[in-house]
>>> print(open('structure_13.txt').read())   # compact mmCIF, C-alpha atoms
# COMPACT_ATOMS: atom_id res chain seq x y z
CA MET A 1 -0.87 -5.98 -19.70
CA ILE A 2 -2.06 -2.99 -21.72
CA GLY A 3 -5.77 -2.44 -21.98
CA ASN A 4 -6.53 -3.08 -25.64
CA SER A 5 -7.03 -5.97 -28.05
CA PHE A 6 -3.66 -5.39 -29.72
CA THR A 7 -1.82 -5.93 -26.44
CA LYS A 8 -3.89 -8.99 -25.61
CA GLU A 9 -2.82 -10.46 -28.95
CA LEU A 10 0.79 -9.42 -28.32
CA TYR A 11 1.02 -11.22 -24.97
CA ASN A 12 -1.45 -14.06 -25.46
CA ASN A 13 1.10 -16.67 -26.57
CA LYS A 14 4.11 -15.16 -24.79
CA VAL A 15 5.64 -17.13 -21.93
CA TYR A 16 8.30 -15.71 -19.61
CA GLU A 17 10.33 -18.43 -17.86
CA ASN A 18 13.37 -18.08 -15.58
CA LYS A 19 14.77 -19.37 -12.29
CA GLY A 20 12.74 -16.91 -10.20
CA ASN A 21 13.91 -13.55 -8.92
CA SER A 22 15.82 -14.26 -5.71
CA ASP A 23 16.39 -10.56 -4.98
CA VAL A 24 12.63 -10.06 -4.90
CA ILE A 25 11.81 -13.21 -2.95
CA GLU A 26 14.33 -12.24 -0.25
CA GLN A 27 12.13 -9.23 0.50
CA VAL A 28 9.08 -11.41 1.27
CA ALA A 29 8.91 -11.64 5.06
CA ASP A 30 8.66 -15.06 6.72
CA GLU A 31 5.35 -14.04 8.29
CA ALA A 32 3.88 -13.08 4.90
CA LYS A 33 1.73 -16.05 3.95
CA VAL A 34 -0.64 -14.83 1.21
CA ILE A 35 1.16 -13.54 -1.88
CA LEU A 36 -0.02 -11.98 -5.13
CA ASP A 37 2.44 -12.42 -8.00
CA VAL A 38 1.51 -9.95 -10.73
CA GLY A 39 2.87 -10.96 -14.11
CA CYS A 40 3.54 -14.42 -12.73
CA GLY A 41 5.01 -15.80 -15.95
CA ALA A 42 5.35 -19.57 -15.88
CA GLY A 43 5.19 -19.56 -12.06
CA ASP A 44 8.92 -19.44 -11.35
CA ASN A 45 8.66 -17.10 -8.35
CA ALA A 46 5.65 -19.06 -7.10
CA ARG A 47 7.62 -22.31 -7.22
CA ILE A 48 10.14 -20.90 -4.74
CA LEU A 49 7.53 -19.20 -2.56
CA LYS A 50 5.49 -22.40 -2.29
CA LYS A 51 8.49 -24.16 -0.75
CA SER A 52 8.16 -21.73 2.17
CA GLY A 53 4.49 -22.55 2.62
CA LYS A 54 3.12 -19.43 0.93
CA TYR A 55 -0.30 -19.27 -0.71
CA VAL A 56 0.33 -17.73 -4.14
CA THR A 57 -2.14 -16.15 -6.52
CA GLY A 58 -0.73 -15.41 -9.96
CA ILE A 59 -1.98 -12.86 -12.47
CA THR A 60 -1.13 -12.95 -16.16
CA ILE A 61 -2.66 -11.68 -19.39
CA SER A 62 -1.24 -14.65 -21.31
CA ASN A 63 -3.37 -17.76 -21.72
CA ASP A 64 -0.28 -19.85 -22.38
CA GLU A 65 1.41 -18.61 -19.20
CA ALA A 66 -1.74 -19.26 -17.19
CA SER A 67 -1.92 -22.88 -18.33
CA ILE A 68 1.64 -23.48 -17.11
CA ALA A 69 1.42 -21.38 -13.93
CA ARG A 70 -1.75 -23.21 -12.77
CA GLU A 71 0.39 -26.27 -12.12
CA ILE A 72 2.36 -24.28 -9.52
CA CYS A 73 0.25 -21.41 -8.16
CA ASP A 74 -2.70 -21.99 -5.83
CA GLU A 75 -4.81 -19.96 -8.24
CA VAL A 76 -4.22 -18.02 -11.45
CA ILE A 77 -6.26 -15.09 -12.73
CA ILE A 78 -6.14 -14.03 -16.38
CA ALA A 79 -6.57 -10.27 -16.19
CA ASN A 80 -5.16 -6.89 -17.13
CA ILE A 81 -4.01 -5.18 -13.93
CA GLU A 82 -4.51 -1.78 -15.53
CA ASP A 83 -8.24 -2.45 -15.72
CA ASP A 84 -10.39 -1.31 -12.81
CA ASP A 85 -11.59 -4.83 -12.05
CA PRO A 86 -8.77 -7.41 -11.98
CA ARG A 87 -11.13 -9.82 -10.15
CA LEU A 88 -9.21 -9.93 -6.92
CA THR A 89 -11.14 -10.94 -3.82
CA LYS A 90 -8.42 -11.42 -1.19
CA LYS A 91 -6.12 -9.21 0.85
CA TYR A 92 -2.42 -9.99 0.45
CA ASP A 93 0.58 -9.77 2.76
CA ALA A 94 2.83 -9.03 -0.21
CA ILE A 95 2.22 -8.09 -3.83
CA ILE A 96 5.06 -8.79 -6.27
CA LEU A 97 5.64 -7.03 -9.61
CA SER A 98 8.88 -8.54 -10.90
CA HIS A 99 9.84 -6.98 -14.23
CA VAL A 100 6.26 -5.96 -14.95
CA CYS A 101 6.11 -2.17 -14.56
CA GLU A 102 8.17 -1.49 -17.67
CA HIS A 103 5.41 -3.15 -19.72
CA LEU A 104 2.55 -1.01 -18.37
CA ILE A 105 1.09 2.22 -19.75
CA HIS A 106 0.66 3.89 -16.35
CA PRO A 107 2.67 1.78 -13.88
CA SER A 108 2.38 4.08 -10.85
CA VAL A 109 -1.41 4.21 -11.23
CA ALA A 110 -1.60 0.41 -11.49
CA ILE A 111 0.58 0.08 -8.39
CA SER A 112 -1.68 2.44 -6.47
CA LYS A 113 -4.76 0.40 -7.46
CA LEU A 114 -3.10 -2.81 -6.36
CA SER A 115 -2.39 -1.32 -2.93
CA ARG A 116 -6.12 -1.64 -2.19
CA TYR A 117 -5.54 -5.38 -1.89
CA LEU A 118 -2.81 -5.17 0.77
CA VAL A 119 -3.31 -6.04 4.42
CA GLU A 120 -2.61 -3.16 6.81
CA ASN A 121 1.13 -3.81 7.07
CA GLY A 122 1.54 -5.39 3.65
CA VAL A 123 4.15 -4.43 1.07
CA ILE A 124 4.44 -4.14 -2.69
CA ILE A 125 7.76 -5.49 -3.98
CA ILE A 126 8.81 -4.19 -7.38
CA ALA A 127 11.75 -5.12 -9.59
CA VAL A 128 12.68 -3.30 -12.80
CA PRO A 129 15.71 -3.74 -15.06
CA ASN A 130 18.38 -1.06 -14.71
CA THR A 131 18.89 0.34 -18.21
CA ALA A 132 21.95 2.26 -16.93
CA TYR A 133 23.80 -1.01 -16.13
CA TYR A 134 27.26 -0.85 -17.69
CA LYS A 135 26.62 -3.59 -20.29
CA ASN A 136 23.53 -1.76 -21.50
CA ARG A 137 25.53 1.47 -21.74
CA LEU A 138 28.16 -0.28 -23.86
CA LYS A 139 25.45 -1.65 -26.15
CA LEU A 140 24.06 1.84 -26.72
CA LEU A 141 27.54 3.36 -27.04
CA LYS A 142 28.05 1.03 -30.01
CA GLY A 143 24.89 2.50 -31.52
CA ASP A 144 22.96 -0.75 -31.01
CA TRP A 145 19.37 -0.38 -29.80
CA THR A 146 18.20 -3.74 -31.10
CA MET A 147 15.02 -4.82 -29.31
CA ASN A 148 14.83 -8.45 -28.19
CA GLU A 149 12.22 -11.00 -27.13
CA SER A 150 13.25 -10.63 -23.47
CA GLY A 151 15.81 -8.91 -21.24
CA PRO A 152 16.47 -5.19 -20.65
CA PHE A 153 15.67 -4.38 -24.30
CA ASP A 154 12.50 -6.45 -24.53
CA LYS A 155 10.51 -5.21 -27.53
CA THR A 156 7.37 -4.93 -25.34
CA HIS A 157 8.93 -2.47 -22.86
CA LEU A 158 7.22 0.91 -22.74
CA HIS A 159 9.40 2.44 -19.98
CA PHE A 160 13.10 2.31 -19.16
CA TYR A 161 14.37 2.82 -15.61
CA SER A 162 17.71 3.25 -13.89
CA TYR A 163 18.65 2.93 -10.24
CA ARG A 164 18.31 6.71 -9.97
CA SER A 165 14.96 7.04 -11.73
CA ALA A 166 13.12 3.98 -10.36
CA ASP A 167 11.70 6.10 -7.49
CA THR A 168 9.24 7.62 -9.98
CA LEU A 169 7.26 4.38 -9.76
CA CYS A 170 6.11 5.54 -6.32
CA ASN A 171 4.48 8.89 -7.01
CA GLU A 172 1.03 8.20 -5.62
CA GLU A 173 0.10 9.82 -2.32
CA ASN A 174 -0.92 6.59 -0.58
CA LEU A 175 2.45 4.82 -0.86
CA ARG A 176 6.01 5.33 0.36
CA ILE A 177 9.36 3.69 -0.40
CA VAL A 178 10.38 1.50 2.54
CA LYS A 179 13.51 0.09 0.89
CA LYS A 180 15.49 0.54 -2.31
CA ILE A 181 17.97 -2.20 -3.17
CA PRO A 182 20.45 -2.67 -6.04
CA GLY A 183 19.96 -6.18 -7.39
CA GLN A 184 22.21 -8.61 -9.28
CA LEU A 185 25.38 -6.58 -8.73
CA ALA A 186 28.09 -7.42 -11.24
CA MET A 187 31.29 -5.58 -12.14
CA PRO A 188 33.54 -6.16 -15.19
CA LEU A 189 35.83 -8.81 -13.69
CA TRP A 190 35.69 -11.31 -16.56
CA PRO A 191 39.20 -12.85 -16.36
CA LEU A 192 38.86 -13.49 -12.63
CA ARG A 193 35.33 -14.91 -12.41
CA LYS A 194 36.26 -18.50 -13.19
CA LEU A 195 39.47 -18.41 -11.16
CA LEU A 196 38.23 -16.54 -8.07
CA PRO A 197 34.42 -16.62 -8.03
CA GLY A 198 34.11 -16.02 -4.28
CA PHE A 199 36.50 -13.06 -4.35
CA CYS A 200 34.68 -11.54 -7.34
CA LYS A 201 31.34 -11.92 -5.58
CA LYS A 202 32.69 -9.94 -2.62
CA ILE A 203 33.87 -7.18 -4.96
CA ASP A 204 30.47 -7.12 -6.67
CA ASN A 205 28.64 -6.79 -3.36
CA SER A 206 30.95 -4.19 -1.80
CA LEU A 207 32.00 -1.85 -4.60
CA GLY A 208 28.78 -2.35 -6.55
CA LYS A 209 26.75 -0.84 -3.74
CA TYR A 210 28.70 2.40 -4.08
CA LEU A 211 27.89 2.68 -7.78
CA PRO A 212 24.51 0.93 -8.10
CA ASN A 213 23.42 2.95 -11.14
CA LEU A 214 26.38 1.50 -13.03
CA PHE A 215 26.73 -2.02 -11.66
CA SER A 216 23.24 -3.24 -10.63
CA GLN A 217 21.32 -5.19 -13.24
CA GLN A 218 17.98 -4.52 -11.57
CA VAL A 219 16.40 -2.25 -8.97
CA ILE A 220 14.20 -3.51 -6.14
CA LEU A 221 11.68 -1.22 -4.44
CA VAL A 222 9.68 -2.20 -1.39
CA LEU A 223 6.62 0.02 -0.95
CA GLY A 224 4.36 0.38 2.08
CA ILE A 225 1.06 2.13 2.66
CA ILE A 226 1.15 5.57 4.24
CA LYS A 227 -1.04 5.46 7.35
>>> encode(input="structure_13.txt", output="structure tokens")
Amino acid sequence: MIGNSFTKELYNNKVYENKGNSDVIEQVADEAKVILDVGCGAGDNARILKKSGKYVTGITISNDEASIAREICDEVIIANIEDDDPRLTKKYDAIILSHVCEHLIHPSVAISKLSRYLVENGVIIIAVPNTAYYKNRLKLLKGDWTMNESGPFDKTHLHFYSYRSADTLCNEENLRIVKKIPGQLAMPLWPLRKLLPGFCKKIDNSLGKYLPNLFSQQVILVLGIIK
């Protein structure tokens, strides 16, 4: 995702796979039919979006990811979104950047460039990990800043965001924050989770919203174009 040969080598054989980001997908409107998934990974978001009849274009810098994602997405482009020419030819109802911005050199600039490819009322949906989540704080409190292959301390992360600081991703004059949502709320209720999962979920959703910087695992931003 970073514009040099070193980064291309770093990401070329890397494959991100998961179950899809439901918090992000929930922000894709029913009427949004043409979707751009930036940093599409193995196509996990696209797999869910396709079930709703969406046309999904994926972008990745990884050849290995592209070969997997092509089986799911309608089309896949191998490109660096921080370059001036990512070879996009369509206009999109929604552009998704799910856990991508933390890997970029200049994320807000890349986001602004991508906004050129939105339809008039389109949105950019961004998700970033919340480094201030309580489990991450405990890790650092122990003096452990071990970098991993994935997760909030992915060794390829260049930026670290919290619920409070994620707004800095929208600092270009042509975009505004339409919605800001705490995602994957979870409080320290370990002994109760197996016994009372429904009750714990209610606590997560209610109390977690009052302290999102502490109890949200990710931050969702929905951006719109300023008219």
>>> closest_residue(input="structure_13.txt", among="A:Leu158, A:Val76, A:Val109, A:Leu207", to="Glu172 in chain A", atoms="only C-alpha atoms")
A:Val109
>>> residues_around(input="structure_13.txt", residues="Ile177 in chain A", least_positions_apart="2", cutoff="12 Å", atoms="only C-alpha atoms", output="PyMOL selection string")
chain A and resi 123-126+166-175+179-181+220-226
>>> write_last_selection(input="structure_13.txt", atoms="C-alpha atoms", output="PDB file, in the coordinates of the input")
ATOM      1  CA  VAL A 123       4.150  -4.430   1.070  1.00  0.00           C
ATOM      2  CA  ILE A 124       4.440  -4.140  -2.690  1.00  0.00           C
ATOM      3  CA  ILE A 125       7.760  -5.490  -3.980  1.00  0.00           C
ATOM      4  CA  ILE A 126       8.810  -4.190  -7.380  1.00  0.00           C
ATOM      5  CA  ALA A 166      13.120   3.980 -10.360  1.00  0.00           C
ATOM      6  CA  ASP A 167      11.700   6.100  -7.490  1.00  0.00           C
ATOM      7  CA  THR A 168       9.240   7.620  -9.980  1.00  0.00           C
ATOM      8  CA  LEU A 169       7.260   4.380  -9.760  1.00  0.00           C
ATOM      9  CA  CYS A 170       6.110   5.540  -6.320  1.00  0.00           C
ATOM     10  CA  ASN A 171       4.480   8.890  -7.010  1.00  0.00           C
ATOM     11  CA  GLU A 172       1.030   8.200  -5.620  1.00  0.00           C
ATOM     12  CA  GLU A 173       0.100   9.820  -2.320  1.00  0.00           C
ATOM     13  CA  ASN A 174      -0.920   6.590  -0.580  1.00  0.00           C
ATOM     14  CA  LEU A 175       2.450   4.820  -0.860  1.00  0.00           C
ATOM     15  CA  LYS A 179      13.510   0.090   0.890  1.00  0.00           C
ATOM     16  CA  LYS A 180      15.490   0.540  -2.310  1.00  0.00           C
ATOM     17  CA  ILE A 181      17.970  -2.200  -3.170  1.00  0.00           C
ATOM     18  CA  ILE A 220      14.200  -3.510  -6.140  1.00  0.00           C
ATOM     19  CA  LEU A 221      11.680  -1.220  -4.440  1.00  0.00           C
ATOM     20  CA  VAL A 222       9.680  -2.200  -1.390  1.00  0.00           C
ATOM     21  CA  LEU A 223       6.620   0.020  -0.950  1.00  0.00           C
ATOM     22  CA  GLY A 224       4.360   0.380   2.080  1.00  0.00           C
ATOM     23  CA  ILE A 225       1.060   2.130   2.660  1.00  0.00           C
ATOM     24  CA  ILE A 226       1.150   5.570   4.240  1.00  0.00           C
TER      25      ILE A 226
END
>>> closest_residue(input="structure_13.txt", among="A:Thr89, A:Gln27, A:Asn18, A:Thr131", to="Tyr163 in chain A", atoms="all atoms listed in the file")
A:Thr131
>>> closest_residue(input="structure_13.txt", among="A:Gly122, A:Asp83, A:Ile96, A:Val15", to="Ala69 in chain A", atoms="all atoms listed in the file")
A:Val15
>>> atom_distance(input="structure_13.txt", atom1="CA of Glu65 in chain A", atom2="CA of Asp154 in chain A")
17.3 Å
>>> atom_distance(input="structure_13.txt", atom1="CA of Leu118 in chain A", atom2="CA of Cys101 in chain A")
18.0 Å
>>> closest_residue(input="structure_13.txt", among="A:Ala29, A:Ala46, A:Val38, A:Leu214", to="Ala132 in chain A", atoms="all atoms listed in the file")
A:Leu214
>>> residues_around(input="structure_13.txt", residues="Val128 in chain A", least_positions_apart="4", cutoff="6 Å", atoms="all atoms listed in the file", output="list in words")
His99, Gln218 and Val219 of chain A
>>> axis_aligned_box(input="structure_13.txt", around="range 81-91 of chain A", padding_each_side="3 Å", output="AutoDock Vina command-line options")
--center_x -7.8 --center_y -6.4 --center_z -7.4 --size_x 13.6 --size_y 16.1 --size_z 22.6
>>> closest_residue(input="structure_13.txt", among="A:Leu138, A:Leu36, A:Leu49, A:Ile59", to="Gly20 in chain A", atoms="only C-alpha atoms")
A:Leu49
>>> residues_around(input="structure_13.txt", residues="Glu75 in chain A", least_positions_apart="6", cutoff="7 Å", atoms="all atoms listed in the file", output="ChimeraX atom specification")
/A:56-58
>>> closest_atom_pairs(input="structure_13.txt", of="range 62-158 of chain A", to="range 186-204 of chain A", cutoff="10 Å", atoms="all atoms listed in the file", output="Markdown table")
| residue | atom | partner | partner_atom | distance |
| --- | --- | --- | --- | --- |
| A:Tyr133 | CA | A:Ala186 | CA | 9.1 |
| A:Tyr134 | CA | A:Met187 | CA | 8.3 |
| A:Lys135 | CA | A:Pro188 | CA | 9.0 |
>>> residues_around(input="structure_13.txt", residues="Trp145 in chain A", least_positions_apart="6", cutoff="10 Å", atoms="only C-alpha atoms", output="VMD selection string")
chain A and resid 136 139 153
>>> atom_distance(input="structure_13.txt", atom1="CA of Gly183 in chain A", atom2="CA of Asn205 in chain A")
9.6 Å
>>> residues_around(input="structure_13.txt", residues="Lys91 in chain A", least_positions_apart="6", cutoff="8 Å", atoms="all atoms listed in the file", output="VMD selection string")
chain A and resid 34 117 to 119
>>> closest_residue(input="structure_13.txt", among="A:Ser67, A:Ile72, A:Ser62, A:Asp93", to="Lys33 in chain A", atoms="only C-alpha atoms")
A:Asp93
>>> build_atoms(input="structure_13.txt", residues="range 150-168 of chain A", atoms="N, CA and C atoms", output="PDB file, in the frame of the given file")
ATOM      1  N   SER A 150      13.246 -10.734 -24.924  1.00  0.00           N
ATOM      2  CA  SER A 150      13.250 -10.630 -23.470  1.00  0.00           C
ATOM      3  C   SER A 150      14.486  -9.843 -23.052  1.00  0.00           C
ATOM      4  N   GLY A 151      14.652  -9.631 -21.732  1.00  0.00           N
ATOM      5  CA  GLY A 151      15.810  -8.910 -21.240  1.00  0.00           C
ATOM      6  C   GLY A 151      15.578  -7.415 -21.152  1.00  0.00           C
ATOM      7  N   PRO A 152      16.631  -6.636 -20.870  1.00  0.00           N
ATOM      8  CA  PRO A 152      16.470  -5.190 -20.650  1.00  0.00           C
ATOM      9  C   PRO A 152      15.970  -4.445 -21.881  1.00  0.00           C
ATOM     10  N   PHE A 153      16.156  -5.013 -23.076  1.00  0.00           N
ATOM     11  CA  PHE A 153      15.670  -4.380 -24.300  1.00  0.00           C
ATOM     12  C   PHE A 153      14.557  -5.199 -24.939  1.00  0.00           C
ATOM     13  N   ASP A 154      13.696  -5.719 -24.090  1.00  0.00           N
ATOM     14  CA  ASP A 154      12.500  -6.450 -24.530  1.00  0.00           C
ATOM     15  C   ASP A 154      11.669  -5.526 -25.424  1.00  0.00           C
ATOM     16  N   LYS A 155      11.234  -6.042 -26.566  1.00  0.00           N
ATOM     17  CA  LYS A 155      10.510  -5.210 -27.530  1.00  0.00           C
ATOM     18  C   LYS A 155       9.141  -4.748 -27.010  1.00  0.00           C
ATOM     19  N   THR A 156       8.664  -5.350 -25.902  1.00  0.00           N
ATOM     20  CA  THR A 156       7.370  -4.930 -25.340  1.00  0.00           C
ATOM     21  C   THR A 156       7.514  -3.915 -24.207  1.00  0.00           C
ATOM     22  N   HIS A 157       8.728  -3.469 -23.915  1.00  0.00           N
ATOM     23  CA  HIS A 157       8.930  -2.470 -22.860  1.00  0.00           C
ATOM     24  C   HIS A 157       8.455  -1.089 -23.323  1.00  0.00           C
ATOM     25  N   LEU A 158       7.694  -0.444 -22.462  1.00  0.00           N
ATOM     26  CA  LEU A 158       7.220   0.910 -22.740  1.00  0.00           C
ATOM     27  C   LEU A 158       7.975   1.958 -21.939  1.00  0.00           C
ATOM     28  N   HIS A 159       8.650   1.525 -20.856  1.00  0.00           N
ATOM     29  CA  HIS A 159       9.400   2.440 -19.980  1.00  0.00           C
ATOM     30  C   HIS A 159      10.782   1.850 -19.729  1.00  0.00           C
ATOM     31  N   PHE A 160      11.737   2.734 -19.481  1.00  0.00           N
ATOM     32  CA  PHE A 160      13.100   2.310 -19.160  1.00  0.00           C
ATOM     33  C   PHE A 160      13.531   3.043 -17.897  1.00  0.00           C
ATOM     34  N   TYR A 161      14.021   2.274 -16.917  1.00  0.00           N
ATOM     35  CA  TYR A 161      14.370   2.820 -15.610  1.00  0.00           C
ATOM     36  C   TYR A 161      15.857   2.609 -15.318  1.00  0.00           C
ATOM     37  N   SER A 162      16.372   3.445 -14.438  1.00  0.00           N
ATOM     38  CA  SER A 162      17.710   3.250 -13.890  1.00  0.00           C
ATOM     39  C   SER A 162      17.575   3.195 -12.377  1.00  0.00           C
ATOM     40  N   TYR A 163      18.691   2.926 -11.701  1.00  0.00           N
ATOM     41  CA  TYR A 163      18.650   2.930 -10.240  1.00  0.00           C
ATOM     42  C   TYR A 163      18.212   4.308  -9.732  1.00  0.00           C
ATOM     43  N   ARG A 164      18.643   5.353 -10.403  1.00  0.00           N
ATOM     44  CA  ARG A 164      18.310   6.710  -9.970  1.00  0.00           C
ATOM     45  C   ARG A 164      16.860   7.083 -10.246  1.00  0.00           C
ATOM     46  N   SER A 165      16.301   6.595 -11.340  1.00  0.00           N
ATOM     47  CA  SER A 165      14.960   7.040 -11.730  1.00  0.00           C
ATOM     48  C   SER A 165      13.827   6.121 -11.278  1.00  0.00           C
ATOM     49  N   ALA A 166      14.156   4.949 -10.729  1.00  0.00           N
ATOM     50  CA  ALA A 166      13.120   3.980 -10.360  1.00  0.00           C
ATOM     51  C   ALA A 166      12.151   4.517  -9.310  1.00  0.00           C
ATOM     52  N   ASP A 167      12.577   5.513  -8.519  1.00  0.00           N
ATOM     53  CA  ASP A 167      11.700   6.100  -7.490  1.00  0.00           C
ATOM     54  C   ASP A 167      10.415   6.666  -8.079  1.00  0.00           C
ATOM     55  N   THR A 168      10.438   7.024  -9.360  1.00  0.00           N
ATOM     56  CA  THR A 168       9.240   7.620  -9.980  1.00  0.00           C
ATOM     57  C   THR A 168       8.075   6.642 -10.031  1.00  0.00           C
TER      58      THR A 168
END
